[in-house]
Structures are given as structure tokens and as C-alpha cells.
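Have a look at the structure below, then the notes.
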2 protein chains.
Amino acid sequence: MTVSNAFPEIEPILSTTMADVVEEKLRTYFRDKGFSPGDALPKEVELAEALQVSRNVVREALSRLRMLGMIETRKRRGMILAEPDVLSGLERLLDPQLLGKDVMKQLFELRLVLEIGMGDLLFMRRKETDLQILQQIVEDELKATSHVERVECDIRFHGTLYRMTGNETLGRFQKLLVPMFQYIIENEAGPDGQTAVGAVSHAGLLAILRHGDPTSFREAMKKHLDPHFLFL
Amino acid sequence: MTVSNAFPEIEPILSTTMADVVEEKLRTYFRDKGFSPGDALPKEVELAEALQVSRNVVREALSRLRMLGMIETRKRRGMILAEPDVLSGLERLLDPQLLGKDVMKQLFELRLVLEIGMGDLLFMRRKETDLQILQQIVEDELKATSHVERVECDIRFHGTLYRMTGNETLGRFQKLLVPMFQYIIENEAGPDGQTAVGAVSHAGLLAILRHGDPTSFREAMKKHLDPHFLFL
DNA sequence: GAATGTAAATATGTAGTACATAATTACTTG
DNA sequence: CAAGTAATTATGTACTACATATTTACATTC
């Protein structure tokens, strides 16, 4: 348990370590020296000597960059700058147990914004095969008997929409968010334990994707998500 | 320079190190053991002994988690689990020099989706003071003489919109994206060096924010951003 | 005895050495 | 000259030693 702080607005000082400094220095060094993905980087000992720190500290800093995918290392061959995965940092942090309720709520809002705003991309890139997949999900949903089955169909439907945007980053981001909202559903279910349902169904959204336009899709998606807006 | 690979689809194997494994183990350990932010964590030596690795390896893993804000350490006092900053991982990676063109494009699309989709949040939370700030920016834009001044007003206007959503994560995310798009503007300017302008101006958006509704705002924002959609 | 000052204890931070391991390079041999 | 082998080398891991900050306990002073 944490001791109650008499001055909650004053946060304790967190000392910056050598690893922090070196990490920052390395990043700016690689950036300002114009290193591009694929370029070979100096050896650990050279960096340690240049920065006047132990190899230990350099390795801690490099380990951080390696986690983010900024560098790749192979024995004997040395290090190269790599093209990092934008979401590598996020995926470790999107944990409902770690994040506060306020952040969770903001992420949920973000989801609503994304799904309402993605209409244009969807109409630019929708394919018949994807529409058929959505159709199948809608049918599965109708045949579903249990609540969990319906939730699963809901996730599949919306997940498919993200994929249909043709924006891989967006699609992967959504995949990271799903467990977060599942946690919300499981732990903070509504008073009746049922998920509220909007005025527009998945079938309605699909019909608009087939025969409508981005504008009507946005309106329909807003109506579909409307129950969620009540909690904001 | 990288040697041309005869099998570009086959990626070289990246050996997983002890630090990788330990980092993963620690994260799952903290999660599954029900640790909450503020809880004290085992000492480095204890972790090293339990995992049968050197303290060095443990420190590399902990250094990664510390970078993400998942843990905080103070001398003698030990480590505590902390509430991480969701965007701490992102901010290090959102570097136009590091990310590929494809990812950059996807982030740009993401921006368009966000700004079209944020209408509802804006109308839920708009305040008169913020509308006045937007008004000021619109006037500044009219008085602007140079191209850079107009770009600066553009950034301020859109940045203010993000802030007005009341979603801090969204607002901070946008701040991280700005340098990315500035890089695009500077290095990949259109043929005439001018930024294309949409059918709806900032003044038009502001008028809708004052007297319109989310639906009309979404349409107006789409028209405002329309020139950008041409590049997708 | 409360307040203040001081010394011991302790967990993290940094430095340094040694060696293991993998992968390249150079060399040798048939 | 091809194939196999040994030397080389940069990263990965382990271990030791010590610095540093901060708590805890103790001692001193009024």
C-alpha cells in the first residue's frame, strides 16, 4: 500500500539515470547524423568510450531501442538501424490493469471517433469479398444463441471494418484495443448485464456500405454507437 | 549500404535474448500476480535469482519497463509498479526519418479519420472560450502575410480542435503527429509548393461549431480535408 | 521527551573484467 | 578452386566491486 501523501500535487523526484541520458543521446545522434534504416551503427564499446560511460549503461540504452525495434543486433555483425514498428511501444502498454480509468475512457472515446470517421476510407476501398464476410457475420449473429456469441460477432464485425479501411496501422491498433474493451465489458457490465444496442444494426451498416455513401454511413455508425455515447 | 537480398520475403532470424525473455516474463508476472500501480516489486537481486539470470539481464529488462513508465525506481527504496503513459512508447517512434512512407501515409489517413470523427465530442464539450480562441486564430490567419504564417495558423486551429475534444490522449497524440506532417509538407511539397485548400474554410468550420450540429460538422470537415483525400 | 543531528544499513546505479556464443574472415588442404 | 577449418570479432551473459541516495536506527541536545 502506498502511504497517503499529504501533498498529492507534488510528485516525488525521479532521478534520471545515465541510461536515460544515453538513450536520448543515441536517438538524437542517429537522427541528426542522418542514419537511415539499414545503416550500420558504431560498436557498443565505441559508443561507451565516446560517451564516457560503461558498456553496461550503453547496453541498457540499446536494449530499450531494440525493444522498440529501432535497432537490430546480430552477433559479430554489429548493429543496424531498423525501421521500427510504430505500435511496438503501444502493445506493451495497452493493458487494462495498468492504465487508469480516465485513460481507458479516452481510448474508448477514441474508438468511437475512429469508427465514425472511417466511413470515407471504407467507401474508397470496400471490396465485394469483404462485404460478403460482413454478410456472413451478420447471419452468424442472427443465429447466435448466447450473449458471448453475439459479443464475439460484434467484435468480428467491427474488426472487419477496421481491416477494410486498408490501413494496416489502424487495423492493428484496433486489435490491440479489443482486449481492453472486453475487460470493460466483463468487469463493468451494465446494470442488467446486457449490452445496449443502437438504433442501427450491423445489418443496417452493411446495407449502407453496399448501397449508401460515406455521409449516410457516418450517421448510421453514430446511431449504432449511440448507446455508448450516453456513458461519456 | 545493405547488400541486396535475393529473397526479400525471407527475413533474417533475430535471436531472442535473455533480456527479451525476462522482460516478457516480468510483464506477465506483474500482470498475473495482480500487481497494481503503487505496489512494491521484488528487488533486482531477488528477480535475478528467481529467474536464474544475472542481475545484468534483469536490469536490461527493467530498464525497458522503466522507459515505458511501467515501473519507477528510487535508490534504496526499491521499485514500484507505476501507471504508465500510454503514449510514451509512441513518442519515441513517431520520427519521420525512421518510419517508412507507407506507415507515414497510414498515420496521415488516421488524422483524417480522427478529425472527421471527432465532431460529436466537440459538440458535447465545446466551450465559449475555446470558440473565441478559434475565432482569434481565424482572424490571425486572415492577417497572415506569408505561407509559413498560414501553415502555423492551420496547425493551431486543428490542434485547438483536438484539445477541445476534452480527450487528453487524443490531444497529446495530435501533438506528436504535427512534426510528422510538417516533415511531409517540407520535403514533399506539392508541385506548386502551395497547400491545397478545401471547399470549407476554418471560418466555415467555426461557424458550424457555433450554430451547427455534429452531422454538418462532419460533412464540413470532410470538405475541408478533401484535397488531402486526393493523395490517398 | 520531543526535536535534531549522525551513523549504519540497503537497494539501485555505474564501472570493469572475463568468458560464451555466433558469425564472419582468412587460411589451408585436397 | 572448392570445401573445409581455424582465427577473429562483436554481441550476450555472468560476476565482482564500489558509488550513491535514502531510509532506519541510534545518539545527542535542549
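Each chain in the C-alpha cells gets a letter, A, B, ..., in the order shown, and its residues are numbered from 1; ligands are numbered from 1 in order too.
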List as a list in words the protein and nucleic acid residues near range 56-58 of chain B, meaning an atom at most 9 Å away when only C-alpha atoms (C1' of nucleotides) are counted, but skip any in the same chain fewer than 5 places from it. Asn56 and Glu60 of chain A; Met18, Ala19, Val22, Glu23, Glu44, Val45, Leu47, Ala48, Leu51 and Ser63 of chain B; DT13 and DA14 of chain D
What would the file look like if the residues just selected were written as a PDB file, in the first residue's frame with N, CA, C and O atoms (P, O5', C5', C4', C3', O3' and C1' of nucleotides)?
```
ATOM      1  N   ASN A  56      27.944  -1.311 -19.855  1.00  0.00           N
ATOM      2  CA  ASN A  56      26.701  -1.666 -19.200  1.00  0.00           C
ATOM      3  C   ASN A  56      25.590  -0.654 -19.483  1.00  0.00           C
ATOM      4  O   ASN A  56      24.476  -1.016 -19.865  1.00  0.00           O
ATOM      5  N   GLU A  60      22.068  -0.947 -21.675  1.00  0.00           N
ATOM      6  CA  GLU A  60      20.711  -0.690 -21.178  1.00  0.00           C
ATOM      7  C   GLU A  60      19.961   0.217 -22.142  1.00  0.00           C
ATOM      8  O   GLU A  60      18.792  -0.012 -22.459  1.00  0.00           O
TER       9      GLU A  60
ATOM     10  N   MET B  18      18.113 -13.127 -23.605  1.00  0.00           N
ATOM     11  CA  MET B  18      17.596 -13.322 -22.247  1.00  0.00           C
ATOM     12  C   MET B  18      16.789 -12.100 -21.811  1.00  0.00           C
ATOM     13  O   MET B  18      15.753 -12.226 -21.167  1.00  0.00           O
ATOM     14  N   ALA B  19      17.277 -10.928 -22.170  1.00  0.00           N
ATOM     15  CA  ALA B  19      16.575  -9.706 -21.779  1.00  0.00           C
ATOM     16  C   ALA B  19      15.158  -9.699 -22.354  1.00  0.00           C
ATOM     17  O   ALA B  19      14.204  -9.292 -21.675  1.00  0.00           O
ATOM     18  N   VAL B  22      13.153 -12.219 -20.248  1.00  0.00           N
ATOM     19  CA  VAL B  22      12.921 -11.718 -18.892  1.00  0.00           C
ATOM     20  C   VAL B  22      11.917 -10.568 -18.919  1.00  0.00           C
ATOM     21  O   VAL B  22      11.030 -10.491 -18.053  1.00  0.00           O
ATOM     22  N   GLU B  23      12.050  -9.698 -19.891  1.00  0.00           N
ATOM     23  CA  GLU B  23      11.095  -8.579 -19.994  1.00  0.00           C
ATOM     24  C   GLU B  23       9.671  -9.128 -20.094  1.00  0.00           C
ATOM     25  O   GLU B  23       8.767  -8.684 -19.376  1.00  0.00           O
ATOM     26  N   GLU B  44      16.031  -6.320  -7.412  1.00  0.00           N
ATOM     27  CA  GLU B  44      16.722  -6.804  -8.611  1.00  0.00           C
ATOM     28  C   GLU B  44      17.395  -8.143  -8.365  1.00  0.00           C
ATOM     29  O   GLU B  44      17.276  -9.057  -9.190  1.00  0.00           O
ATOM     30  N   VAL B  45      18.102  -8.245  -7.268  1.00  0.00           N
ATOM     31  CA  VAL B  45      18.825  -9.498  -6.991  1.00  0.00           C
ATOM     32  C   VAL B  45      17.855 -10.654  -6.801  1.00  0.00           C
ATOM     33  O   VAL B  45      18.140 -11.780  -7.228  1.00  0.00           O
ATOM     34  N   LEU B  47      14.900 -10.975  -8.190  1.00  0.00           N
ATOM     35  CA  LEU B  47      14.410 -11.338  -9.516  1.00  0.00           C
ATOM     36  C   LEU B  47      15.467 -12.132 -10.268  1.00  0.00           C
ATOM     37  O   LEU B  47      15.162 -13.150 -10.908  1.00  0.00           O
ATOM     38  N   ALA B  48      16.707 -11.662 -10.194  1.00  0.00           N
ATOM     39  CA  ALA B  48      17.797 -12.350 -10.888  1.00  0.00           C
ATOM     40  C   ALA B  48      17.924 -13.779 -10.391  1.00  0.00           C
ATOM     41  O   ALA B  48      18.068 -14.714 -11.178  1.00  0.00           O
ATOM     42  N   LEU B  51      14.917 -15.937 -11.478  1.00  0.00           N
ATOM     43  CA  LEU B  51      14.905 -16.238 -12.907  1.00  0.00           C
ATOM     44  C   LEU B  51      16.190 -16.933 -13.350  1.00  0.00           C
ATOM     45  O   LEU B  51      16.326 -17.317 -14.511  1.00  0.00           O
ATOM     46  N   SER B  63      15.037  -1.860 -17.342  1.00  0.00           N
ATOM     47  CA  SER B  63      15.297  -0.573 -17.991  1.00  0.00           C
ATOM     48  C   SER B  63      14.264  -0.298 -19.076  1.00  0.00           C
ATOM     49  O   SER B  63      13.819   0.840 -19.261  1.00  0.00           O
TER      50      SER B  63
ATOM     51  P    DT D  13      21.613 -12.655 -23.456  1.00  0.00           P
ATOM     52  O5'  DT D  13      22.636 -13.055 -22.316  1.00  0.00           O
ATOM     53  C5'  DT D  13      23.233 -14.343 -22.347  1.00  0.00           C
ATOM     54  C4'  DT D  13      24.207 -14.493 -21.211  1.00  0.00           C
ATOM     55  C3'  DT D  13      23.673 -14.120 -19.834  1.00  0.00           C
ATOM     56  O3'  DT D  13      23.704 -15.274 -19.017  1.00  0.00           O
ATOM     57  C1'  DT D  13      25.851 -13.228 -20.183  1.00  0.00           C
ATOM     58  P    DA D  14      23.211 -15.184 -17.471  1.00  0.00           P
ATOM     59  O5'  DA D  14      24.594 -14.995 -16.725  1.00  0.00           O
ATOM     60  C5'  DA D  14      25.645 -15.915 -16.974  1.00  0.00           C
ATOM     61  C4'  DA D  14      26.829 -15.582 -16.099  1.00  0.00           C
ATOM     62  C3'  DA D  14      26.470 -15.217 -14.656  1.00  0.00           C
ATOM     63  O3'  DA D  14      27.220 -16.026 -13.768  1.00  0.00           O
ATOM     64  C1'  DA D  14      27.908 -13.581 -15.597  1.00  0.00           C
TER      65       DA D  14
END
```
Please identify the alpha helix (DSSP H) residues within range 69-195 of chain A (assignment by DSSP from backbone atoms) and present them as a PyMOL selection string. chain A and resi 88-93+101-117+119-125+128-143+147-164+168-187
Interface, chain D side, toward chain B (12 Å; only C-alpha atoms (C1' of nucleotides)) as a PyMOL selection string: chain D and resi 11-16+19-24
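Here CA of Thr73 in chain B is placed at a distance of 10.2 Å from CA of Lys43 in chain B.
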Would you kindly report the residues of chain C within 7 Å of chain A, using only C-alpha atoms (C1' of nucleotides), as a ChimeraX atom specification? /C:15,22-23
Kindly save the residues from that selection, with N, CA, C and O atoms (P, O5', C5', C4', C3', O3' and C1' of nucleotides) included, as an mmCIF file, in the first residue's frame.
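So selection_30.cif came out as:
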```
data_model
loop_
_atom_site.group_PDB
_atom_site.id
_atom_site.type_symbol
_atom_site.label_atom_id
_atom_site.label_comp_id
_atom_site.auth_asym_id
_atom_site.auth_seq_id
_atom_site.Cartn_x
_atom_site.Cartn_y
_atom_site.Cartn_z
ATOM 1 P P DA C 15 29.691 4.760 -15.617
ATOM 2 O "O5'" DA C 15 30.737 3.679 -15.114
ATOM 3 C "C5'" DA C 15 31.456 3.927 -13.927
ATOM 4 C "C4'" DA C 15 32.487 2.834 -13.711
ATOM 5 C "C3'" DA C 15 33.189 2.359 -14.986
ATOM 6 O "O3'" DA C 15 34.595 2.364 -14.783
ATOM 7 C "C1'" DA C 15 32.284 0.514 -13.792
ATOM 8 P P DA C 22 25.377 -20.117 -30.135
ATOM 9 O "O5'" DA C 22 25.316 -19.212 -31.438
ATOM 10 C "C5'" DA C 22 24.730 -17.929 -31.351
ATOM 11 C "C4'" DA C 22 25.372 -16.988 -32.348
ATOM 12 C "C3'" DA C 22 25.433 -17.509 -33.783
ATOM 13 O "O3'" DA C 22 25.100 -16.447 -34.645
ATOM 14 C "C1'" DA C 22 27.575 -16.876 -33.091
ATOM 15 P P DA C 23 24.339 -16.727 -36.001
ATOM 16 O "O5'" DA C 23 25.259 -15.929 -37.016
ATOM 17 C "C5'" DA C 23 25.706 -14.635 -36.652
ATOM 18 C "C4'" DA C 23 27.019 -14.336 -37.326
ATOM 19 C "C3'" DA C 23 27.167 -14.923 -38.734
ATOM 20 O "O3'" DA C 23 27.688 -13.922 -39.580
ATOM 21 C "C1'" DA C 23 29.047 -15.434 -37.462
#
```
Which chain B residues are at most 8 Å from chain A (counting only C-alpha atoms), as a ChimeraX atom specification? /B:1-2,14-15,19-20,31,36-39,56,59-61,63-64,67-68,70,72-74,82-90,93-94,97-100,103,106-107,109-110,112-118,167-170,215,219
Could you check the closest approach to DT5 in chain D for each of C:DT10, C:DT28, C:DT4, C:DT17 and tell me which residue wins, using only C-alpha atoms (C1' of nucleotides)? C:DT28
Step one, run DSSP on the backbone; step two, keep only residues of range 25-179 of chain B assigned to strand (DSSP E or B); then write them as a ChimeraX atom specification. /B:40-41,71-74,78-81
Go ahead and save the residues from that selection, with C-alpha atoms, as a short mmCIF file (atom, residue, chain, number, x, y, z; two decimals), in the first residue's frame.
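The new file result.cif reads:
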```
data_model
loop_
_atom_site.label_atom_id
_atom_site.label_comp_id
_atom_site.auth_asym_id
_atom_site.auth_seq_id
_atom_site.Cartn_x
_atom_site.Cartn_y
_atom_site.Cartn_z
CA ALA B 40 6.30 -2.56 -4.33
CA LEU B 41 8.17 -5.01 -6.53
CA ILE B 71 7.91 0.92 -13.12
CA GLU B 72 9.57 3.60 -11.07
CA THR B 73 12.75 3.05 -9.11
CA ARG B 74 14.41 5.02 -6.37
CA GLY B 78 13.28 -0.27 -4.47
CA MET B 79 10.85 -0.44 -7.33
CA ILE B 80 7.15 0.15 -7.56
CA LEU B 81 4.74 -0.57 -10.34
#
```
Taken to one decimal, the CA of Arg172 in chain A-CA of His211 in chain A distance is 27.5 Å
